[in-house]
Every structure is written in structure tokens, then in C-alpha cells.
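The file target.pdb contains PDB, C-alpha atoms:
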ATOM      1  CA  MET A  20      11.421 -62.949  13.168
ATOM      2  CA  THR A  21      10.152 -60.937  10.204
ATOM      3  CA  LYS A  22       7.593 -58.208  10.357
ATOM      4  CA  SER A  23       4.340 -58.498   8.472
ATOM      5  CA  GLN A  24       4.044 -56.442   5.307
ATOM      6  CA  GLY A  25       1.480 -54.161   7.000
ATOM      7  CA  ALA A  26       3.695 -53.584  10.037
ATOM      8  CA  GLN A  27       6.660 -52.800   7.782
ATOM      9  CA  ALA A  28       4.536 -50.362   5.748
ATOM     10  CA  ASN A  29       3.474 -48.570   8.937
ATOM     11  CA  LEU A  30       7.084 -48.331  10.102
ATOM     12  CA  THR A  31       8.379 -46.894   6.833
ATOM     13  CA  GLY A  32       5.367 -44.561   6.547
ATOM     14  CA  ASN A  33       6.051 -43.294  10.059
ATOM     15  CA  ARG A  34       9.659 -42.616   9.064
ATOM     16  CA  LEU A  35       8.487 -40.418   6.191
ATOM     17  CA  GLU A  36       6.173 -38.566   8.581
ATOM     18  CA  ARG A  37       9.094 -38.020  10.995
ATOM     19  CA  PHE A  38      11.139 -36.665   8.074
ATOM     20  CA  VAL A  39       8.390 -34.124   7.332
ATOM     21  CA  GLU A  40       7.995 -33.298  11.025
ATOM     22  CA  PHE A  41      11.733 -32.684  11.430
ATOM     23  CA  SER A  42      11.550 -30.252   8.497
ATOM     24  CA  LEU A  43       8.720 -28.380  10.224
ATOM     25  CA  ILE A  44      10.605 -28.176  13.509
ATOM     26  CA  ASP A  45      13.820 -27.172  11.735
ATOM     27  CA  CYS A  46      11.915 -24.327  10.047
ATOM     28  CA  GLY A  47      10.652 -23.004  13.385
ATOM     29  CA  PHE A  48       7.158 -24.476  13.524
ATOM     30  CA  ALA A  49       5.960 -25.252  17.049
ATOM     31  CA  LYS A  50       4.018 -28.482  17.661
ATOM     32  CA  ILE A  51       0.501 -27.810  18.911
ATOM     33  CA  VAL A  52      -0.958 -30.600  21.013
ATOM     34  CA  ASP A  53      -4.556 -29.342  21.213
ATOM     35  CA  LYS A  54      -5.522 -30.073  17.606
ATOM     36  CA  LYS A  55      -9.139 -28.977  17.852
ATOM     37  CA  ALA A  56      -8.243 -25.619  19.368
ATOM     38  CA  PHE A  57      -5.518 -25.182  16.751
ATOM     39  CA  VAL A  58      -7.968 -25.656  13.879
ATOM     40  CA  ASN A  59     -10.462 -23.241  15.433
ATOM     41  CA  THR A  60      -7.966 -20.506  16.386
ATOM     42  CA  MET A  61      -4.942 -20.868  14.121
ATOM     43  CA  ASP A  62      -5.615 -17.547  12.426
ATOM     44  CA  THR A  63      -4.902 -15.864  15.784
ATOM     45  CA  PHE A  64      -1.423 -17.398  16.100
ATOM     46  CA  VAL A  65       1.512 -15.033  15.681
ATOM     47  CA  VAL A  66       4.127 -17.766  15.276
ATOM     48  CA  PRO A  67       4.243 -20.752  12.912
ATOM     49  CA  GLY A  68       2.677 -23.913  14.318
ATOM     50  CA  TYR A  69       1.554 -27.380  13.289
ATOM     51  CA  ALA A  70      -0.521 -30.281  14.561
ATOM     52  CA  ARG A  71      -0.529 -33.948  13.549
ATOM     53  CA  GLN A  72      -3.446 -36.199  12.619
ATOM     54  CA  VAL A  73      -5.986 -33.376  12.469
ATOM     55  CA  ASN A  74      -9.636 -33.582  11.434
ATOM     56  CA  ILE A  75      -9.940 -30.958   8.692
ATOM     57  CA  GLY A  76     -13.478 -31.658   7.519
ATOM     58  CA  HIS A  77     -15.233 -34.457   5.709
ATOM     59  CA  THR A  78     -14.261 -36.875   2.970
ATOM     60  CA  ILE A  79     -16.273 -37.252  -0.209
ATOM     61  CA  TYR A  80     -18.055 -40.084   1.654
ATOM     62  CA  GLY A  81     -19.005 -37.834   4.583
ATOM     63  CA  THR A  82     -16.574 -39.355   7.089
ATOM     64  CA  ASN A  83     -13.895 -37.415   8.984
ATOM     65  CA  LEU A  84     -10.983 -36.245   6.832
ATOM     66  CA  ILE A  85      -7.828 -36.663   8.914
ATOM     67  CA  CYS A  86      -4.604 -35.153   7.575
ATOM     68  CA  ASP A  87      -1.043 -36.018   8.562
ATOM     69  CA  PHE A  88      -0.032 -32.397   9.228
ATOM     70  CA  LEU A  89      -1.905 -29.115   9.380
ATOM     71  CA  LEU A  90       0.337 -26.100   9.653
ATOM     72  CA  TYR A  91      -0.056 -22.381   9.960
ATOM     73  CA  HIS A  92       2.390 -19.615   9.150
ATOM     74  CA  PRO A  93       1.188 -16.014   9.591
ATOM     75  CA  GLN A  94       2.843 -14.818   6.360
ATOM     76  CA  LYS A  95       3.244 -17.894   4.140
ATOM     77  CA  TRP A  96       0.235 -20.044   5.068
ATOM     78  CA  PRO A  97      -2.351 -17.817   6.815
ATOM     79  CA  GLY A  98      -5.179 -20.087   5.636
ATOM     80  CA  GLY A  99      -3.331 -23.219   6.723
ATOM     81  CA  LEU A 100      -1.457 -25.845   4.740
ATOM     82  CA  VAL A 101      -1.919 -29.605   4.811
ATOM     83  CA  ILE A 102       1.032 -31.909   4.245
ATOM     84  CA  GLU A 103       0.318 -35.557   3.534
ATOM     85  CA  ALA A 104       3.085 -38.177   3.606
ATOM     86  CA  LYS A 105       2.529 -41.374   1.595
ATOM     87  CA  TRP A 106       5.213 -44.065   1.476
ATOM     88  CA  GLN A 107       4.811 -47.162  -0.672
ATOM     89  CA  GLU A 108       7.853 -49.384  -0.875
ATOM     90  CA  VAL A 109       6.357 -52.576  -2.243
ATOM     91  CA  SER A 110       3.803 -53.002  -4.983
ATOM     92  CA  GLY A 111       0.239 -53.528  -3.951
ATOM     93  CA  THR A 112      -3.116 -51.836  -4.020
ATOM     94  CA  ALA A 113      -2.233 -48.851  -1.829
ATOM     95  CA  ASP A 114      -1.787 -46.659  -4.904
ATOM     96  CA  GLU A 115      -5.461 -47.232  -5.734
ATOM     97  CA  LYS A 116      -6.183 -44.836  -2.860
ATOM     98  CA  TYR A 117      -4.611 -41.891  -4.714
ATOM     99  CA  PRO A 118      -7.783 -40.930  -6.648
ATOM    100  CA  TYR A 119      -9.743 -40.937  -3.364
ATOM    101  CA  PHE A 120      -7.022 -38.804  -1.786
ATOM    102  CA  VAL A 121      -7.091 -36.314  -4.685
ATOM    103  CA  MET A 122     -10.885 -35.991  -4.642
ATOM    104  CA  ASN A 123     -10.829 -35.349  -0.888
ATOM    105  CA  ILE A 124      -8.153 -32.673  -1.247
ATOM    106  CA  TRP A 125      -9.996 -30.978  -4.085
ATOM    107  CA  SER A 126     -13.097 -30.756  -1.904
ATOM    108  CA  SER A 127     -11.138 -29.535   1.144
ATOM    109  CA  GLU A 128     -10.712 -25.899   2.086
ATOM    110  CA  TYR A 129      -6.964 -26.367   2.667
ATOM    111  CA  LYS A 130      -4.096 -26.048   0.241
ATOM    112  CA  THR A 131      -2.185 -29.331   0.288
ATOM    113  CA  ILE A 132       1.234 -30.765  -0.457
ATOM    114  CA  LEU A 133       1.713 -34.490  -0.990
ATOM    115  CA  VAL A 134       5.084 -36.058  -0.232
ATOM    116  CA  MET A 135       5.087 -39.499  -1.830
ATOM    117  CA  ASP A 136       8.054 -41.814  -2.062
ATOM    118  CA  GLY A 137       9.175 -45.410  -1.796
ATOM    119  CA  GLY A 138       8.967 -46.365  -5.483
ATOM    120  CA  GLY A 139       6.506 -49.213  -4.892
ATOM    121  CA  TYR A 140       3.490 -47.699  -6.608
ATOM    122  CA  ARG A 141       2.358 -49.037  -9.944
ATOM    123  CA  GLU A 142       3.673 -47.646 -13.185
ATOM    124  CA  GLY A 143       1.743 -44.510 -13.996
ATOM    125  CA  ALA A 144       0.470 -43.853 -10.453
ATOM    126  CA  GLU A 145       3.011 -41.162  -9.626
ATOM    127  CA  ARG A 146       2.611 -39.551 -13.048
ATOM    128  CA  TRP A 147      -1.175 -39.496 -12.613
ATOM    129  CA  VAL A 148      -1.019 -37.946  -9.123
ATOM    130  CA  ARG A 149       1.428 -35.291 -10.356
ATOM    131  CA  SER A 150      -0.970 -34.456 -13.200
ATOM    132  CA  MET A 151      -3.656 -33.715 -10.593
ATOM    133  CA  GLN A 152      -1.778 -30.707  -9.172
ATOM    134  CA  LYS A 153      -4.600 -28.185  -9.407
ATOM    135  CA  TYR A 154      -7.217 -26.627  -7.179
ATOM    136  CA  ASN A 155      -5.988 -27.228  -3.612
ATOM    137  CA  LEU A 156      -3.307 -29.786  -4.491
ATOM    138  CA  LEU A 157      -0.361 -27.403  -4.819
ATOM    139  CA  HIS A 158       2.581 -29.782  -5.114
ATOM    140  CA  VAL A 159       3.455 -33.462  -5.315
ATOM    141  CA  PHE A 160       7.013 -34.087  -4.163
ATOM    142  CA  ASN A 161       9.284 -37.014  -3.486
ATOM    143  CA  MET A 162      11.516 -36.663  -0.406
ATOM    144  CA  MET A 163      14.383 -34.992  -2.274
ATOM    145  CA  GLU A 164      12.074 -32.531  -4.030
ATOM    146  CA  PHE A 165      10.359 -31.683  -0.743
ATOM    147  CA  GLN A 166      13.709 -31.094   0.971
ATOM    148  CA  THR A 167      14.827 -28.833  -1.892
ATOM    149  CA  TRP A 168      11.547 -26.890  -1.671
ATOM    150  CA  VAL A 169      11.999 -26.514   2.097
ATOM    151  CA  ASN A 170      15.666 -25.487   1.682
ATOM    152  CA  ARG A 171      14.520 -22.674  -0.599
ATOM    153  CA  GLY A 172      12.474 -21.188   2.241
ATOM    154  CA  ASN A 173       9.035 -22.170   1.004
ATOM    155  CA  LEU A 174       7.804 -23.834   4.171
TER     156      LEU A 174
END
Mind converting the file's structure to C-alpha cells?
Amino acid sequence: MTKSQGAQANLTGNRLERFVEFSLIDCGFAKIVDKKAFVNTMDTFVVPGYARQVNIGHTIYGTNLICDFLLYHPQKWPGGLVIEAKWQEVSGTADEKYPYFVMNIWSSEYKTILVMDGGGYREGAERWVRSMQKYNLLHVFNMMEFQTWVNRGNL
């Protein structure tokens, strides 16, 4: 039995999110279960922490803006850092969401890192997203680049 393309995309996307989460844990970030309290009180934390699937404000359409990871580090990320994980293994229209993603990040109060990989986005999509690294979009990494950045103590 084969999985549907959507189910396969969710599975591979979840694997990329687990890769990011392992990096957070490996760097000493504690998982915070109470997301709402974390957002409202993270500046009082004395240790690094993170929460998953957090509402960090509103999209450009006025709906809830949910991020993959919101983390706090008292020295490195005192204002919080969002990490988004986007995997696209097969070609399709998913890469058309990148402009919407960028506009939402630019209007957000949080500095953001995008980890995108899979190689299935259309020609030019990755180049375009990388060219949008300004305002709150600090970095666009593939998995190897993200791991190198983490290994250098940046997380």
C-alpha cells in the first residue's frame, strides 16, 4: 500500500521538524508545554527554552500566525527566535506559499530562520527566498547549512 502524496509530505516535513527539535534539545533548550504562558513570560526565563506550534501573532490576512518553533535564550535570543521548517521533496505548488511566508515574517515581531530542504521546489524558488533575507528573516538554510550554523554555537 502506498501513501498519498499529502501523507508522504507530512511525514517528511515532520522528520525535518524532528531534526530541528533534536538540535534544540542537543543545545540545551528545554521544551515548554504551556505555549501561551511561554509567549507571555519568556523574557523571565533564565534558561533556554522552546515551544512548538506557537501562535505568535497574526498573518497578513488577520488570521493566527502559527510558527513551528519559538525559542528563547537569555543571551542569544532574548527577544525570541522563530524557526520554520519547510520540506518539499516533489514538485508542486507548495513553493507558491513562500511569498506569503516571507510577508508574514516581515510583519512579525520575531526574528526568524527558515530551514528549507527536499529539492522539490521549482527552479528559482530557493534563490528567491534566500534573496528575501532582510528585516526579520535572518537566515535561510538547508539542513546541512543549519547544522553547520548550530555546530558553530549560534543557536
_Within 12 Å of (10.0, -28.3, -0.7) in the file's own coordinates, which protein, DNA or RNA residues have an atom, counting only C-alpha atoms? List them as a PyMOL selection string._
chain A and resi 39+42-43+46+102+132-134+157-174
Show me the residues close to (-2.7, -34.2, 6.4) - anything with an atom within 8 Å, counting only C-alpha atoms - and format the list as a tab-separated table (two decimals) with C-alpha atoms, keeping the file's coordinate frame.
chain	number	residue	atom	x	y	z
A	71	ARG	CA	-0.53	-33.95	13.55
A	72	GLN	CA	-3.45	-36.20	12.62
A	73	VAL	CA	-5.99	-33.38	12.47
A	85	ILE	CA	-7.83	-36.66	8.91
A	86	CYS	CA	-4.60	-35.15	7.58
A	87	ASP	CA	-1.04	-36.02	8.56
A	88	PHE	CA	-0.03	-32.40	9.23
A	89	LEU	CA	-1.90	-29.12	9.38
A	101	VAL	CA	-1.92	-29.60	4.81
A	102	ILE	CA	1.03	-31.91	4.24
A	103	GLU	CA	0.32	-35.56	3.53
A	104	ALA	CA	3.08	-38.18	3.61
A	131	THR	CA	-2.18	-29.33	0.29
For Lys130 (chain A), list every protein, DNA or RNA residue within 9 Å, evaluated using only C-alpha atoms, and leave out those in the same chain fewer than 6 positions away; present the list as an mmCIF file with C-alpha atoms, in the coordinates of the input.
data_model
loop_
_atom_site.group_PDB
_atom_site.id
_atom_site.type_symbol
_atom_site.label_atom_id
_atom_site.label_comp_id
_atom_site.auth_asym_id
_atom_site.auth_seq_id
_atom_site.Cartn_x
_atom_site.Cartn_y
_atom_site.Cartn_z
ATOM 1 C CA TRP A 96 0.235 -20.044 5.068
ATOM 2 C CA GLY A 98 -5.179 -20.087 5.636
ATOM 3 C CA GLY A 99 -3.331 -23.219 6.723
ATOM 4 C CA LEU A 100 -1.457 -25.845 4.740
ATOM 5 C CA VAL A 101 -1.919 -29.605 4.811
ATOM 6 C CA ILE A 102 1.032 -31.909 4.245
ATOM 7 C CA ILE A 124 -8.153 -32.673 -1.247
ATOM 8 C CA TYR A 154 -7.217 -26.627 -7.179
ATOM 9 C CA ASN A 155 -5.988 -27.228 -3.612
ATOM 10 C CA LEU A 156 -3.307 -29.786 -4.491
ATOM 11 C CA LEU A 157 -0.361 -27.403 -4.819
#
*Record the distance separating CA of Tyr91 (chain A) and CA of Gly68 (chain A), expressed in Å with one decimal.*
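Computed distance, CA of Tyr91 (chain A) to CA of Gly68 (chain A), equals 5.4 Å.
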*asked:* Just want the 9 Å neighbourhood of Met122 (chain A), counted on only C-alpha atoms, with same-chain residues fewer than 5 positions away dropped. Output as a list in words.
replied: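 Contacts, with the query itself left out: Thr78, Ile79, Tyr117 and Ser127 of chain A.
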*asked:* Between CA of Arg146 (chain A) and CA of Val121 (chain A), what distance in Å does the model show, to one decimal?
replied: 13.2 Å
*Near Gly139 (chain A), within 6 Å and counting only C-alpha atoms, which residues show up once chain neighbours fewer than 5 positions away are dropped, as number ranges by chain?*
A: 107-110
*asked:* Given all atoms listed in the file as the basis, pick out the residue of A:Ser126, A:Thr63, A:Arg34, A:Pro97 nearest to His77 (chain A).
replied: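 The answer is A:Ser126, which sits nearest to His77 (chain A).
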*Might you pull out every residue within 10 Å of Asp53 (chain A), with all atoms listed in the file counted and same-chain residues fewer than 2 positions away left off, and present them as a list in words?*
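Residues near the query, excluding close chain neighbours: Lys50, Ile51, Lys55, Ala56, Phe57, Val58, Ala70, Arg71 and Val73 of chain A.
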*Separation of CA of Asp136 (chain A) and CA of Ala49 (chain A), in Å?*
25.4 Å
If you take every atom of region 111-123 of chain A that the file lists and fit an axis-aligned box around them with 3 Å extra on each side, what centre and edge lengths come out in Å to one decimal, as JSON?
{"center_x": -5.3, "center_y": -44.4, "center_z": -3.8, "size_x": 17.1, "size_y": 24.2, "size_z": 11.8}
Residue rebuild result region 150-164 of chain A, N, CA and C atoms as a compact mmCIF listing (two decimals), in the coordinates of the input:
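File rebuild37.txt, as written:
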# COMPACT_ATOMS: atom_id res chain seq x y z
N SER A 150 -0.12 -35.16 -12.23
CA SER A 150 -0.97 -34.46 -13.20
C SER A 150 -2.21 -33.85 -12.54
N MET A 151 -2.49 -34.22 -11.31
CA MET A 151 -3.66 -33.72 -10.59
C MET A 151 -3.33 -32.48 -9.74
N GLN A 152 -2.17 -31.90 -9.93
CA GLN A 152 -1.78 -30.71 -9.17
C GLN A 152 -2.57 -29.51 -9.68
N LYS A 153 -3.74 -29.32 -9.11
CA LYS A 153 -4.60 -28.18 -9.41
C LYS A 153 -5.55 -28.01 -8.24
N TYR A 154 -6.32 -26.98 -8.28
CA TYR A 154 -7.22 -26.63 -7.18
C TYR A 154 -6.39 -26.53 -5.89
N ASN A 155 -6.70 -27.31 -4.89
CA ASN A 155 -5.99 -27.23 -3.61
C ASN A 155 -4.74 -28.09 -3.54
N LEU A 156 -4.52 -28.96 -4.50
CA LEU A 156 -3.31 -29.79 -4.49
C LEU A 156 -2.19 -28.99 -5.16
N LEU A 157 -1.38 -28.32 -4.32
CA LEU A 157 -0.36 -27.40 -4.82
C LEU A 157 0.85 -28.10 -5.41
N HIS A 158 1.35 -29.12 -4.71
CA HIS A 158 2.58 -29.78 -5.11
C HIS A 158 2.51 -31.27 -4.78
N VAL A 159 3.19 -32.05 -5.60
CA VAL A 159 3.46 -33.46 -5.32
C VAL A 159 4.97 -33.61 -5.39
N PHE A 160 5.56 -33.99 -4.27
CA PHE A 160 7.01 -34.09 -4.16
C PHE A 160 7.42 -35.49 -3.75
N ASN A 161 8.63 -35.90 -4.16
CA ASN A 161 9.28 -37.01 -3.49
C ASN A 161 10.11 -36.39 -2.34
N MET A 162 10.80 -37.20 -1.57
CA MET A 162 11.52 -36.66 -0.41
C MET A 162 12.57 -35.63 -0.81
N MET A 163 13.33 -35.91 -1.85
CA MET A 163 14.38 -34.99 -2.27
C MET A 163 13.78 -33.67 -2.76
N GLU A 164 12.72 -33.75 -3.54
CA GLU A 164 12.07 -32.53 -4.03
C GLU A 164 11.50 -31.71 -2.88
